[in-house]
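Structure first, commentary second.
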Amino acid sequence: MTRFAAIFAMILALASPARALDDDVAGYVESNLLAIFYHELGHALIDLMGLPVFGQEEDAADVLSVVLIDAFFEEEAAVQIAYDTAFGFYDDAQQYEPIFWGVHGPDLQRYYTLVCLFYGANPDERADVADELGLPGERAETCEEEFDLAADSWGSVLDELAAGPAQRTDLVLEIDTRNELDVFTAEVMQAEMDALAEDFALPGDLLVAIAPCGEANAFYDPSEALILMCTELTEYLANAAP
Ligand SMILES: [Zn+2]
């Protein structure tokens, strides 16, 4: 969609005077903030719409993130976001031991599934991406089918949201420590929420807060219908940027 690519360019342009990040770092941080926000949006939709989940909810949320990256952005921007978010998982996998008992799949598995689904969404144009990111041929064989299933499953949910009555969604910012990184995060999130509110009627207000939470993470809190983007996350991403 052209509109989203334009918004993406606009965010970068608007954000530049306010931030202390150089362009490459800002791009990396923004890609990962968006991918993580889309993941949290998956949790929110599952909760607010009472969606059935046949498998690990964390996987379903990861899948929505790739579906939205593919749907919202022009090819060049989508590929850049896919590289940046793949690197995010790869970097985590280098830094931490895999947690096999966790609710999330191990980071490297999330990495390969992201690459596979992204490649599967447009295999004619993304063979180089799959190669460069090391997707084994054995997995690549099923990626187109995997993406089609993902796009059908989440697609019917997104169609329902797109067909709903126009309804504004709120973005609440709680910035306890106001610094340039928080401002950057707020601009990225505000633009994204505005874009979403234009096309999708969410089943109720969805609050997005930016606040410190003691760890570099993001959460969906069903008791408040609130997505919390931790300020520590932006800081962590800025330091981890390749
Ligand atoms: Zn999650």
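We name chains A, B, ... following the order of the structure tokens; residues begin at 1 in each chain, and ligands are numbered from 1 as shown.
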Tell me, as a list in words, which residues lie within 8 Å of Val29 (chain A), counting only C-alpha atoms; anything in the same chain fewer than 3 positions away does not count.
->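 The contact residues come out as Val25, Ala26, Asn32, Leu33, Thr234, Leu237, Ala238 and Ala241 of chain A.
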Contacts of Glu132 (chain A) within 10 Å, only C-alpha atoms, excl. fewer than 5 positions in-chain, as an NGL selection string = :A and (83 or 126-127)
Can you list, as a ChimeraX atom specification, every residue of region 23-87 of chain A that DSSP puts in alpha helix (DSSP H)?
-> /A:23-48,57-72,75-87
Restrict the calculation to only C-alpha atoms and all ligand atoms, then for each residue of chain A with any atom at most 8 Å from an atom of ligand 1 give the closest atom pair and their distance in Å to one decimal, rows by chain and rising residue number, as CSV.
residue,atom,partner,partner_atom_place_in_ligand_line,distance
A:His39,CA,ligand 1,1 (Zn),6.2
A:Glu40,CA,ligand 1,1 (Zn),5.9
A:His43,CA,ligand 1,1 (Zn),6.5
A:Glu57,CA,ligand 1,1 (Zn),7.4
A:Glu58,CA,ligand 1,1 (Zn),4.8
A:Ala61,CA,ligand 1,1 (Zn),6.2
A:Asp62,CA,ligand 1,1 (Zn),7.6
A:His104,CA,ligand 1,1 (Zn),7.2
A:Phe219,CA,ligand 1,1 (Zn),6.9
A:Tyr220,CA,ligand 1,1 (Zn),7.6
Exercise: region 158-166 of chain A partners within 7 Å, only C-alpha atoms, chain neighbours under 4 positions left out, as an MDAnalysis selection string | chainID A and resid 154 199:202
Please dump the current selection as a PDB file, in the first residue's frame; keep C-alpha atoms.
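Writing done, so here's result-v9.pdb:
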ATOM      1  CA  TRP A 154      -5.465 -13.316   9.880  1.00  0.00           C
ATOM      2  CA  ASP A 199      -8.375   1.653   7.938  1.00  0.00           C
ATOM      3  CA  PHE A 200      -9.503  -0.481  10.832  1.00  0.00           C
ATOM      4  CA  ALA A 201     -12.377  -0.199  13.278  1.00  0.00           C
ATOM      5  CA  LEU A 202     -11.075  -1.951  16.352  1.00  0.00           C
TER       6      LEU A 202
END
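Within 8 Å of region 137-151 of chain A there are Val63, Leu64, Val67, Cys116, Leu117, Phe118, Tyr119, Gly120, Ala121, Asn122, Pro123, Ala130 and Gly155 of chain A, counting only C-alpha atoms and ignoring same-chain residues fewer than 4 positions away.
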So which one's closest to Ala78 (chain A), A:Met49, A:Gly105, A:Gly27, A:Phe100? Using only C-alpha atoms, please.
->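 Smallest distance to Ala78 (chain A) is found for A:Gly27.
Proximity to Val79 (chain A) was assessed for A:Gln95, A:Gln109, A:Ser31, A:Thr185 counting only C-alpha atoms; the smallest distance is recorded for A:Ser31.
Counting only C-alpha atoms, the residue from A:Trp101, A:Ala209, A:Phe72, A:Phe54 that sits nearest to Ala195 (chain A) is A:Phe72.
Remark: for Leu48 (chain A), the closest of the candidate residues A:Glu235, A:Asp70, A:Glu180, A:Asp205 is A:Asp205 (distances computed over only C-alpha atoms).
Counting from CA of Gln94 (chain A), the distance to CA of Pro136 (chain A) is 19.1 Å.
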Å distance separating CA of Phe73 (chain A) from CA of Leu45 (chain A), one decimal place |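 If I compute the distance from CA of Phe73 (chain A) to CA of Leu45 (chain A), I get 20.7 Å.
Residues of region 126-241 of chain A assigned to strand (DSSP E) by DSSP on this structure's backbone: Leu207, Val208, Ala209, Ile210, Ala211, Ala218, Phe219, Tyr220, Asp221, Leu226, Ile227, Leu228, Met229 and Cys230 of chain A.
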Generate a file of the selected residues that holds all heavy atoms, formatted as an mmCIF file, in the first residue's frame.
data_model
loop_
_atom_site.group_PDB
_atom_site.id
_atom_site.type_symbol
_atom_site.label_atom_id
_atom_site.label_comp_id
_atom_site.auth_asym_id
_atom_site.auth_seq_id
_atom_site.Cartn_x
_atom_site.Cartn_y
_atom_site.Cartn_z
ATOM 1 N N LEU A 207 -5.508 1.110 24.070
ATOM 2 C CA LEU A 207 -4.570 2.099 24.584
ATOM 3 C C LEU A 207 -3.142 1.635 24.350
ATOM 4 O O LEU A 207 -2.848 0.444 24.461
ATOM 5 C CB LEU A 207 -4.806 2.312 26.081
ATOM 6 C CG LEU A 207 -6.255 2.625 26.463
ATOM 7 C CD1 LEU A 207 -6.372 2.808 27.972
ATOM 8 C CD2 LEU A 207 -6.752 3.862 25.728
ATOM 9 N N VAL A 208 -2.316 2.565 23.996
ATOM 10 C CA VAL A 208 -0.891 2.265 23.827
ATOM 11 C C VAL A 208 -0.126 3.205 24.741
ATOM 12 O O VAL A 208 -0.260 4.423 24.627
ATOM 13 C CB VAL A 208 -0.437 2.465 22.373
ATOM 14 C CG1 VAL A 208 1.051 2.188 22.233
ATOM 15 C CG2 VAL A 208 -1.235 1.560 21.434
ATOM 16 N N ALA A 209 0.616 2.650 25.650
ATOM 17 C CA ALA A 209 1.377 3.478 26.585
ATOM 18 C C ALA A 209 2.863 3.263 26.364
ATOM 19 O O ALA A 209 3.302 2.179 25.991
ATOM 20 C CB ALA A 209 0.997 3.126 28.017
ATOM 21 N N ILE A 210 3.602 4.322 26.574
ATOM 22 C CA ILE A 210 5.055 4.241 26.510
ATOM 23 C C ILE A 210 5.551 4.640 27.893
ATOM 24 O O ILE A 210 5.369 5.780 28.317
ATOM 25 C CB ILE A 210 5.598 5.195 25.435
ATOM 26 C CG1 ILE A 210 5.071 4.777 24.056
ATOM 27 C CG2 ILE A 210 7.127 5.194 25.437
ATOM 28 C CD1 ILE A 210 5.191 5.853 23.006
ATOM 29 N N ALA A 211 6.102 3.684 28.592
ATOM 30 C CA ALA A 211 6.499 3.942 29.978
ATOM 31 C C ALA A 211 7.617 2.989 30.379
ATOM 32 O O ALA A 211 7.765 1.920 29.777
ATOM 33 C CB ALA A 211 5.292 3.740 30.910
ATOM 34 N N ALA A 218 7.773 -5.476 25.681
ATOM 35 C CA ALA A 218 6.465 -4.881 25.402
ATOM 36 C C ALA A 218 5.424 -5.898 25.844
ATOM 37 O O ALA A 218 5.690 -7.103 25.831
ATOM 38 C CB ALA A 218 6.308 -4.577 23.918
ATOM 39 N N PHE A 219 4.269 -5.404 26.259
ATOM 40 C CA PHE A 219 3.250 -6.291 26.819
ATOM 41 C C PHE A 219 1.867 -5.868 26.356
ATOM 42 O O PHE A 219 1.621 -4.698 26.095
ATOM 43 C CB PHE A 219 3.242 -6.224 28.352
ATOM 44 C CG PHE A 219 4.550 -6.555 28.991
ATOM 45 C CD1 PHE A 219 5.454 -5.553 29.325
ATOM 46 C CD2 PHE A 219 4.886 -7.877 29.243
ATOM 47 C CE1 PHE A 219 6.675 -5.857 29.907
ATOM 48 C CE2 PHE A 219 6.104 -8.193 29.837
ATOM 49 C CZ PHE A 219 7.000 -7.183 30.170
ATOM 50 N N TYR A 220 0.952 -6.831 26.311
ATOM 51 C CA TYR A 220 -0.470 -6.497 26.190
ATOM 52 C C TYR A 220 -1.133 -6.871 27.504
ATOM 53 O O TYR A 220 -0.984 -7.996 27.989
ATOM 54 C CB TYR A 220 -1.130 -7.266 25.037
ATOM 55 C CG TYR A 220 -2.631 -7.055 25.026
ATOM 56 C CD1 TYR A 220 -3.152 -5.796 24.737
ATOM 57 C CD2 TYR A 220 -3.501 -8.081 25.371
ATOM 58 C CE1 TYR A 220 -4.522 -5.571 24.775
ATOM 59 C CE2 TYR A 220 -4.872 -7.870 25.396
ATOM 60 C CZ TYR A 220 -5.373 -6.615 25.100
ATOM 61 O OH TYR A 220 -6.727 -6.380 25.145
ATOM 62 N N ASP A 221 -1.846 -5.911 28.077
ATOM 63 C CA ASP A 221 -2.544 -6.154 29.338
ATOM 64 C C ASP A 221 -4.044 -6.213 29.066
ATOM 65 O O ASP A 221 -4.674 -5.180 28.806
ATOM 66 C CB ASP A 221 -2.210 -5.010 30.312
ATOM 67 C CG ASP A 221 -2.979 -5.143 31.623
ATOM 68 O OD1 ASP A 221 -3.808 -6.071 31.751
ATOM 69 O OD2 ASP A 221 -2.745 -4.312 32.522
ATOM 70 N N LEU A 226 -4.582 -2.620 26.968
ATOM 71 C CA LEU A 226 -3.446 -1.701 26.906
ATOM 72 C C LEU A 226 -2.202 -2.409 26.363
ATOM 73 O O LEU A 226 -1.837 -3.479 26.845
ATOM 74 C CB LEU A 226 -3.141 -1.191 28.321
ATOM 75 C CG LEU A 226 -1.824 -0.454 28.530
ATOM 76 C CD1 LEU A 226 -1.933 0.978 28.045
ATOM 77 C CD2 LEU A 226 -1.409 -0.492 29.992
ATOM 78 N N ILE A 227 -1.620 -1.788 25.335
ATOM 79 C CA ILE A 227 -0.302 -2.251 24.879
ATOM 80 C C ILE A 227 0.736 -1.333 25.505
ATOM 81 O O ILE A 227 0.681 -0.119 25.341
ATOM 82 C CB ILE A 227 -0.188 -2.216 23.340
ATOM 83 C CG1 ILE A 227 -1.097 -3.283 22.710
ATOM 84 C CG2 ILE A 227 1.269 -2.447 22.909
ATOM 85 C CD1 ILE A 227 -1.147 -3.238 21.188
ATOM 86 N N LEU A 228 1.650 -1.936 26.246
ATOM 87 C CA LEU A 228 2.703 -1.166 26.903
ATOM 88 C C LEU A 228 4.014 -1.386 26.156
ATOM 89 O O LEU A 228 4.501 -2.511 26.053
ATOM 90 C CB LEU A 228 2.835 -1.621 28.363
ATOM 91 C CG LEU A 228 3.967 -1.001 29.177
ATOM 92 C CD1 LEU A 228 3.845 0.514 29.229
ATOM 93 C CD2 LEU A 228 3.977 -1.583 30.589
ATOM 94 N N MET A 229 4.532 -0.300 25.598
ATOM 95 C CA MET A 229 5.844 -0.346 24.947
ATOM 96 C C MET A 229 6.845 0.230 25.962
ATOM 97 O O MET A 229 6.809 1.419 26.270
ATOM 98 C CB MET A 229 5.857 0.509 23.673
ATOM 99 C CG MET A 229 4.779 0.173 22.645
ATOM 100 S SD MET A 229 4.955 -1.439 21.832
ATOM 101 C CE MET A 229 6.410 -1.166 20.800
ATOM 102 N N CYS A 230 7.700 -0.615 26.492
ATOM 103 C CA CYS A 230 8.615 -0.163 27.546
ATOM 104 C C CYS A 230 9.661 0.786 26.959
ATOM 105 O O CYS A 230 10.213 0.530 25.885
ATOM 106 C CB CYS A 230 9.333 -1.355 28.167
ATOM 107 S SG CYS A 230 8.226 -2.632 28.793
#
Using only C-alpha atoms: which of A:Glu215, A:Asp84, A:Glu76, A:Asp47 has the shortest distance to Asp24 (chain A) =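 Checking each of A:Glu215, A:Asp84, A:Glu76, A:Asp47 against Asp24 (chain A), counting only C-alpha atoms, the winner is A:Asp84.
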Quote the spacing between CA of Ile36 (chain A) and CA of Gly88 (chain A) in Å to one decimal place.
->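 Going from CA of Ile36 (chain A) over to CA of Gly88 (chain A) covers 10.2 Å.
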